[in-house]
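query-v7.txt (compact mmCIF, N, CA and C atoms) appears below.
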```
# COMPACT_ATOMS: atom_id res chain seq x y z
N MET A 28 -29.60 34.57 8.93
CA MET A 28 -28.25 34.82 8.46
C MET A 28 -27.23 34.11 9.35
N LYS A 29 -27.50 34.03 10.64
CA LYS A 29 -26.57 33.36 11.55
C LYS A 29 -26.45 31.87 11.20
N VAL A 30 -27.56 31.27 10.79
CA VAL A 30 -27.53 29.84 10.44
C VAL A 30 -26.65 29.62 9.21
N ALA A 31 -26.76 30.50 8.22
CA ALA A 31 -25.94 30.38 7.01
C ALA A 31 -24.46 30.52 7.34
N LEU A 32 -24.12 31.49 8.20
CA LEU A 32 -22.72 31.66 8.59
C LEU A 32 -22.22 30.48 9.40
N LEU A 33 -23.08 29.94 10.25
CA LEU A 33 -22.69 28.78 11.04
C LEU A 33 -22.46 27.56 10.15
N LEU A 34 -23.33 27.33 9.18
CA LEU A 34 -23.15 26.23 8.24
C LEU A 34 -21.88 26.41 7.41
N LYS A 35 -21.61 27.65 7.01
CA LYS A 35 -20.40 27.93 6.25
C LYS A 35 -19.16 27.61 7.09
N GLU A 36 -19.17 28.01 8.35
CA GLU A 36 -18.03 27.75 9.24
C GLU A 36 -17.84 26.25 9.48
N ILE A 37 -18.93 25.52 9.68
CA ILE A 37 -18.84 24.06 9.85
C ILE A 37 -18.29 23.42 8.58
N TYR A 38 -18.73 23.86 7.43
CA TYR A 38 -18.26 23.33 6.15
C TYR A 38 -16.76 23.58 5.98
N LEU A 39 -16.33 24.81 6.27
CA LEU A 39 -14.91 25.14 6.11
C LEU A 39 -14.04 24.35 7.09
N ASP A 40 -14.49 24.18 8.33
CA ASP A 40 -13.72 23.40 9.31
C ASP A 40 -13.65 21.93 8.92
N GLY A 41 -14.71 21.42 8.36
CA GLY A 41 -14.76 20.01 8.00
C GLY A 41 -13.82 19.66 6.86
N PHE A 42 -13.62 20.59 5.93
CA PHE A 42 -12.80 20.32 4.75
C PHE A 42 -11.46 21.05 4.77
N LYS A 43 -11.07 21.60 5.91
CA LYS A 43 -9.84 22.38 5.98
C LYS A 43 -8.60 21.53 5.71
N ASN A 44 -8.49 20.39 6.36
CA ASN A 44 -7.30 19.55 6.23
C ASN A 44 -7.47 18.39 5.26
N LEU A 45 -8.57 18.36 4.56
CA LEU A 45 -8.82 17.26 3.64
C LEU A 45 -7.81 17.24 2.50
N GLY A 46 -7.46 18.39 1.96
CA GLY A 46 -6.51 18.47 0.86
C GLY A 46 -5.15 17.93 1.25
N ASN A 47 -4.68 18.28 2.43
CA ASN A 47 -3.39 17.81 2.91
C ASN A 47 -3.41 16.29 3.06
N PHE A 48 -4.49 15.73 3.58
CA PHE A 48 -4.61 14.28 3.75
C PHE A 48 -4.60 13.58 2.40
N VAL A 49 -5.32 14.13 1.43
CA VAL A 49 -5.40 13.52 0.10
C VAL A 49 -4.03 13.56 -0.58
N VAL A 50 -3.33 14.67 -0.48
CA VAL A 50 -2.02 14.80 -1.12
C VAL A 50 -1.02 13.84 -0.48
N LYS A 51 -1.02 13.73 0.84
CA LYS A 51 -0.12 12.80 1.52
C LYS A 51 -0.41 11.37 1.10
N ARG A 52 -1.67 10.99 1.08
CA ARG A 52 -2.06 9.63 0.71
C ARG A 52 -1.69 9.36 -0.75
N TYR A 53 -1.92 10.33 -1.64
CA TYR A 53 -1.61 10.16 -3.06
C TYR A 53 -0.11 9.92 -3.26
N PHE A 54 0.72 10.73 -2.63
CA PHE A 54 2.16 10.57 -2.81
C PHE A 54 2.67 9.28 -2.20
N LYS A 55 2.07 8.84 -1.11
CA LYS A 55 2.49 7.57 -0.51
C LYS A 55 2.15 6.41 -1.45
N ILE A 56 0.96 6.43 -2.03
CA ILE A 56 0.55 5.38 -2.97
C ILE A 56 1.42 5.45 -4.23
N PHE A 57 1.69 6.66 -4.72
CA PHE A 57 2.52 6.82 -5.91
C PHE A 57 3.94 6.32 -5.67
N ALA A 58 4.48 6.57 -4.49
CA ALA A 58 5.84 6.10 -4.18
C ALA A 58 5.89 4.57 -4.16
N TRP A 59 4.91 3.93 -3.53
CA TRP A 59 4.88 2.46 -3.51
C TRP A 59 4.70 1.89 -4.91
N PHE A 60 3.83 2.49 -5.70
CA PHE A 60 3.61 2.05 -7.08
C PHE A 60 4.90 2.16 -7.89
N SER A 61 5.60 3.28 -7.75
CA SER A 61 6.86 3.47 -8.48
C SER A 61 7.90 2.45 -8.05
N PHE A 62 7.98 2.16 -6.77
CA PHE A 62 8.93 1.18 -6.26
C PHE A 62 8.62 -0.21 -6.82
N ILE A 63 7.36 -0.59 -6.84
CA ILE A 63 6.97 -1.90 -7.37
C ILE A 63 7.26 -1.97 -8.86
N MET A 64 6.99 -0.91 -9.62
CA MET A 64 7.28 -0.91 -11.06
C MET A 64 8.78 -1.00 -11.31
N PHE A 65 9.59 -0.37 -10.47
CA PHE A 65 11.04 -0.46 -10.61
C PHE A 65 11.51 -1.90 -10.37
N ILE A 66 10.94 -2.58 -9.39
CA ILE A 66 11.28 -3.98 -9.12
C ILE A 66 10.90 -4.85 -10.32
N VAL A 67 9.74 -4.60 -10.93
CA VAL A 67 9.32 -5.37 -12.10
C VAL A 67 10.30 -5.17 -13.27
N VAL A 68 10.70 -3.94 -13.50
CA VAL A 68 11.64 -3.65 -14.58
C VAL A 68 12.99 -4.31 -14.30
N LEU A 69 13.44 -4.24 -13.07
CA LEU A 69 14.70 -4.88 -12.69
C LEU A 69 14.63 -6.39 -12.90
N TYR A 70 13.52 -7.00 -12.52
CA TYR A 70 13.33 -8.43 -12.72
C TYR A 70 13.35 -8.77 -14.21
N ALA A 71 12.65 -7.99 -15.04
CA ALA A 71 12.61 -8.27 -16.48
C ALA A 71 14.00 -8.14 -17.10
N PHE A 72 14.76 -7.14 -16.68
CA PHE A 72 16.11 -6.96 -17.21
C PHE A 72 17.01 -8.13 -16.81
N ILE A 73 16.96 -8.53 -15.55
CA ILE A 73 17.79 -9.65 -15.08
C ILE A 73 17.37 -10.94 -15.79
N PHE A 74 16.10 -11.12 -16.00
CA PHE A 74 15.62 -12.31 -16.72
C PHE A 74 16.16 -12.33 -18.15
N ARG A 75 16.11 -11.19 -18.83
CA ARG A 75 16.59 -11.12 -20.21
C ARG A 75 18.10 -11.36 -20.27
N VAL A 76 18.84 -10.81 -19.33
CA VAL A 76 20.29 -11.01 -19.33
C VAL A 76 20.63 -12.47 -19.05
N SER A 77 19.90 -13.09 -18.13
CA SER A 77 20.21 -14.47 -17.77
C SER A 77 19.82 -15.47 -18.85
N THR A 78 18.88 -15.12 -19.72
CA THR A 78 18.49 -16.04 -20.80
C THR A 78 19.27 -15.79 -22.09
N GLY A 79 20.19 -14.82 -22.07
CA GLY A 79 21.04 -14.59 -23.25
C GLY A 79 20.39 -13.77 -24.32
N PHE A 80 19.50 -12.85 -23.98
CA PHE A 80 18.85 -11.99 -24.97
C PHE A 80 19.89 -11.05 -25.59
N ALA A 81 19.86 -10.93 -26.90
CA ALA A 81 20.80 -10.07 -27.61
C ALA A 81 20.26 -8.64 -27.64
N PHE A 82 20.96 -7.73 -27.01
CA PHE A 82 20.54 -6.33 -26.99
C PHE A 82 21.19 -5.59 -28.15
N ASP A 83 20.73 -5.86 -29.35
CA ASP A 83 21.32 -5.23 -30.55
C ASP A 83 20.57 -4.00 -30.93
```
Starting from the file, give its structure as structure tokens.
Amino acid sequence: MKVALLLKEIYLDGFKNLGNFVVKRYFKIFAWFSFIMFIVVLYAFIFRVSTGFAFD
């Protein structure tokens, strides 16, 4: 029984902060992705305006 409790404790310690790390990494990647997509949209809009596209 001691071995099972020890393995459980090692498992819990090993994965305790994993969720926080994954969430931080996810939001950092999402923020960069959103910033890059905003730059692409801005470029497309400026390109359309500069070529005389009719926004009817």
Using the chain letters and numbers from this document, which residues of chain A does DSSP assign to helix (DSSP H, G or I), as a PyMOL selection string? chain A and resi 29-41+45-77
What separates CA of Asp83 (chain A) and CA of Ala71 (chain A) is a distance of 16.8 Å
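Taking CA of Thr78 (chain A) as the reference point, CA of Ile66 (chain A) is found at 18.3 Å.
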One decimal, Å: what's the distance from CA of Asn47 (chain A) over to CA of Leu33 (chain A), could you say? 23.6 Å
Could you please fill out region 38-49 of chain A with all heavy atoms and send it back as a PDB file, in the coordinates of the input?
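Resulting contents of selection_32.pdb:
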```pdb
ATOM      1  N   TYR A  38     -18.730  23.860   7.430  1.00  0.00           N
ATOM      2  CA  TYR A  38     -18.260  23.330   6.150  1.00  0.00           C
ATOM      3  C   TYR A  38     -16.760  23.580   5.980  1.00  0.00           C
ATOM      4  O   TYR A  38     -16.011  22.690   5.606  1.00  0.00           O
ATOM      5  CB  TYR A  38     -19.049  23.978   5.008  1.00  0.00           C
ATOM      6  CG  TYR A  38     -18.627  23.525   3.639  1.00  0.00           C
ATOM      7  CD1 TYR A  38     -19.080  22.329   3.110  1.00  0.00           C
ATOM      8  CD2 TYR A  38     -17.769  24.299   2.860  1.00  0.00           C
ATOM      9  CE1 TYR A  38     -18.698  21.906   1.852  1.00  0.00           C
ATOM     10  CE2 TYR A  38     -17.374  23.889   1.613  1.00  0.00           C
ATOM     11  CZ  TYR A  38     -17.846  22.691   1.103  1.00  0.00           C
ATOM     12  OH  TYR A  38     -17.455  22.279  -0.133  1.00  0.00           O
ATOM     13  N   LEU A  39     -16.330  24.810   6.270  1.00  0.00           N
ATOM     14  CA  LEU A  39     -14.910  25.140   6.110  1.00  0.00           C
ATOM     15  C   LEU A  39     -14.040  24.350   7.090  1.00  0.00           C
ATOM     16  O   LEU A  39     -12.951  23.895   6.743  1.00  0.00           O
ATOM     17  CB  LEU A  39     -14.694  26.634   6.301  1.00  0.00           C
ATOM     18  CG  LEU A  39     -15.231  27.522   5.186  1.00  0.00           C
ATOM     19  CD1 LEU A  39     -15.028  28.995   5.529  1.00  0.00           C
ATOM     20  CD2 LEU A  39     -14.567  27.199   3.870  1.00  0.00           C
ATOM     21  N   ASP A  40     -14.490  24.180   8.330  1.00  0.00           N
ATOM     22  CA  ASP A  40     -13.720  23.400   9.310  1.00  0.00           C
ATOM     23  C   ASP A  40     -13.650  21.930   8.920  1.00  0.00           C
ATOM     24  O   ASP A  40     -12.638  21.273   9.141  1.00  0.00           O
ATOM     25  CB  ASP A  40     -14.338  23.523  10.701  1.00  0.00           C
ATOM     26  CG  ASP A  40     -14.034  24.863  11.355  1.00  0.00           C
ATOM     27  OD1 ASP A  40     -13.104  25.542  10.881  1.00  0.00           O
ATOM     28  OD2 ASP A  40     -14.723  25.214  12.332  1.00  0.00           O
ATOM     29  N   GLY A  41     -14.710  21.420   8.360  1.00  0.00           N
ATOM     30  CA  GLY A  41     -14.760  20.010   8.000  1.00  0.00           C
ATOM     31  C   GLY A  41     -13.820  19.660   6.860  1.00  0.00           C
ATOM     32  O   GLY A  41     -13.285  18.565   6.798  1.00  0.00           O
ATOM     33  N   PHE A  42     -13.620  20.590   5.930  1.00  0.00           N
ATOM     34  CA  PHE A  42     -12.800  20.320   4.750  1.00  0.00           C
ATOM     35  C   PHE A  42     -11.460  21.050   4.770  1.00  0.00           C
ATOM     36  O   PHE A  42     -10.758  21.076   3.771  1.00  0.00           O
ATOM     37  CB  PHE A  42     -13.568  20.688   3.479  1.00  0.00           C
ATOM     38  CG  PHE A  42     -14.738  19.784   3.224  1.00  0.00           C
ATOM     39  CD1 PHE A  42     -16.020  20.192   3.525  1.00  0.00           C
ATOM     40  CD2 PHE A  42     -14.542  18.526   2.702  1.00  0.00           C
ATOM     41  CE1 PHE A  42     -17.100  19.357   3.291  1.00  0.00           C
ATOM     42  CE2 PHE A  42     -15.601  17.684   2.467  1.00  0.00           C
ATOM     43  CZ  PHE A  42     -16.886  18.107   2.766  1.00  0.00           C
ATOM     44  N   LYS A  43     -11.070  21.600   5.910  1.00  0.00           N
ATOM     45  CA  LYS A  43      -9.840  22.380   5.980  1.00  0.00           C
ATOM     46  C   LYS A  43      -8.600  21.530   5.710  1.00  0.00           C
ATOM     47  O   LYS A  43      -7.745  21.876   4.932  1.00  0.00           O
ATOM     48  CB  LYS A  43      -9.715  23.043   7.347  1.00  0.00           C
ATOM     49  CG  LYS A  43      -8.560  24.015   7.444  1.00  0.00           C
ATOM     50  CD  LYS A  43      -8.459  24.611   8.828  1.00  0.00           C
ATOM     51  CE  LYS A  43      -9.675  25.435   9.135  1.00  0.00           C
ATOM     52  NZ  LYS A  43      -9.599  26.100  10.424  1.00  0.00           N
ATOM     53  N   ASN A  44      -8.490  20.390   6.360  1.00  0.00           N
ATOM     54  CA  ASN A  44      -7.300  19.550   6.230  1.00  0.00           C
ATOM     55  C   ASN A  44      -7.470  18.390   5.260  1.00  0.00           C
ATOM     56  O   ASN A  44      -6.603  17.527   5.177  1.00  0.00           O
ATOM     57  CB  ASN A  44      -6.911  18.998   7.606  1.00  0.00           C
ATOM     58  CG  ASN A  44      -6.416  20.090   8.520  1.00  0.00           C
ATOM     59  OD1 ASN A  44      -5.781  21.036   8.075  1.00  0.00           O
ATOM     60  ND2 ASN A  44      -6.721  19.971   9.794  1.00  0.00           N
ATOM     61  N   LEU A  45      -8.570  18.360   4.560  1.00  0.00           N
ATOM     62  CA  LEU A  45      -8.820  17.260   3.640  1.00  0.00           C
ATOM     63  C   LEU A  45      -7.810  17.240   2.500  1.00  0.00           C
ATOM     64  O   LEU A  45      -7.318  16.189   2.122  1.00  0.00           O
ATOM     65  CB  LEU A  45     -10.247  17.333   3.089  1.00  0.00           C
ATOM     66  CG  LEU A  45     -10.682  16.177   2.208  1.00  0.00           C
ATOM     67  CD1 LEU A  45     -10.709  14.899   3.026  1.00  0.00           C
ATOM     68  CD2 LEU A  45     -12.033  16.441   1.611  1.00  0.00           C
ATOM     69  N   GLY A  46      -7.460  18.390   1.960  1.00  0.00           N
ATOM     70  CA  GLY A  46      -6.510  18.470   0.860  1.00  0.00           C
ATOM     71  C   GLY A  46      -5.150  17.930   1.250  1.00  0.00           C
ATOM     72  O   GLY A  46      -4.525  17.187   0.506  1.00  0.00           O
ATOM     73  N   ASN A  47      -4.680  18.280   2.430  1.00  0.00           N
ATOM     74  CA  ASN A  47      -3.390  17.810   2.910  1.00  0.00           C
ATOM     75  C   ASN A  47      -3.410  16.290   3.060  1.00  0.00           C
ATOM     76  O   ASN A  47      -2.437  15.617   2.693  1.00  0.00           O
ATOM     77  CB  ASN A  47      -3.077  18.481   4.243  1.00  0.00           C
ATOM     78  CG  ASN A  47      -1.648  18.257   4.680  1.00  0.00           C
ATOM     79  OD1 ASN A  47      -0.801  17.935   3.867  1.00  0.00           O
ATOM     80  ND2 ASN A  47      -1.405  18.407   5.955  1.00  0.00           N
ATOM     81  N   PHE A  48      -4.490  15.730   3.580  1.00  0.00           N
ATOM     82  CA  PHE A  48      -4.610  14.280   3.750  1.00  0.00           C
ATOM     83  C   PHE A  48      -4.600  13.580   2.400  1.00  0.00           C
ATOM     84  O   PHE A  48      -3.906  12.580   2.223  1.00  0.00           O
ATOM     85  CB  PHE A  48      -5.911  13.968   4.499  1.00  0.00           C
ATOM     86  CG  PHE A  48      -6.188  12.506   4.620  1.00  0.00           C
ATOM     87  CD1 PHE A  48      -5.492  11.727   5.522  1.00  0.00           C
ATOM     88  CD2 PHE A  48      -7.147  11.898   3.824  1.00  0.00           C
ATOM     89  CE1 PHE A  48      -5.742  10.377   5.636  1.00  0.00           C
ATOM     90  CE2 PHE A  48      -7.408  10.552   3.924  1.00  0.00           C
ATOM     91  CZ  PHE A  48      -6.700   9.792   4.838  1.00  0.00           C
ATOM     92  N   VAL A  49      -5.320  14.130   1.430  1.00  0.00           N
ATOM     93  CA  VAL A  49      -5.400  13.520   0.100  1.00  0.00           C
ATOM     94  C   VAL A  49      -4.030  13.560  -0.580  1.00  0.00           C
ATOM     95  O   VAL A  49      -3.600  12.576  -1.186  1.00  0.00           O
ATOM     96  CB  VAL A  49      -6.475  14.220  -0.766  1.00  0.00           C
ATOM     97  CG1 VAL A  49      -6.416  13.762  -2.200  1.00  0.00           C
ATOM     98  CG2 VAL A  49      -7.862  13.957  -0.183  1.00  0.00           C
TER      99      VAL A  49
END
```
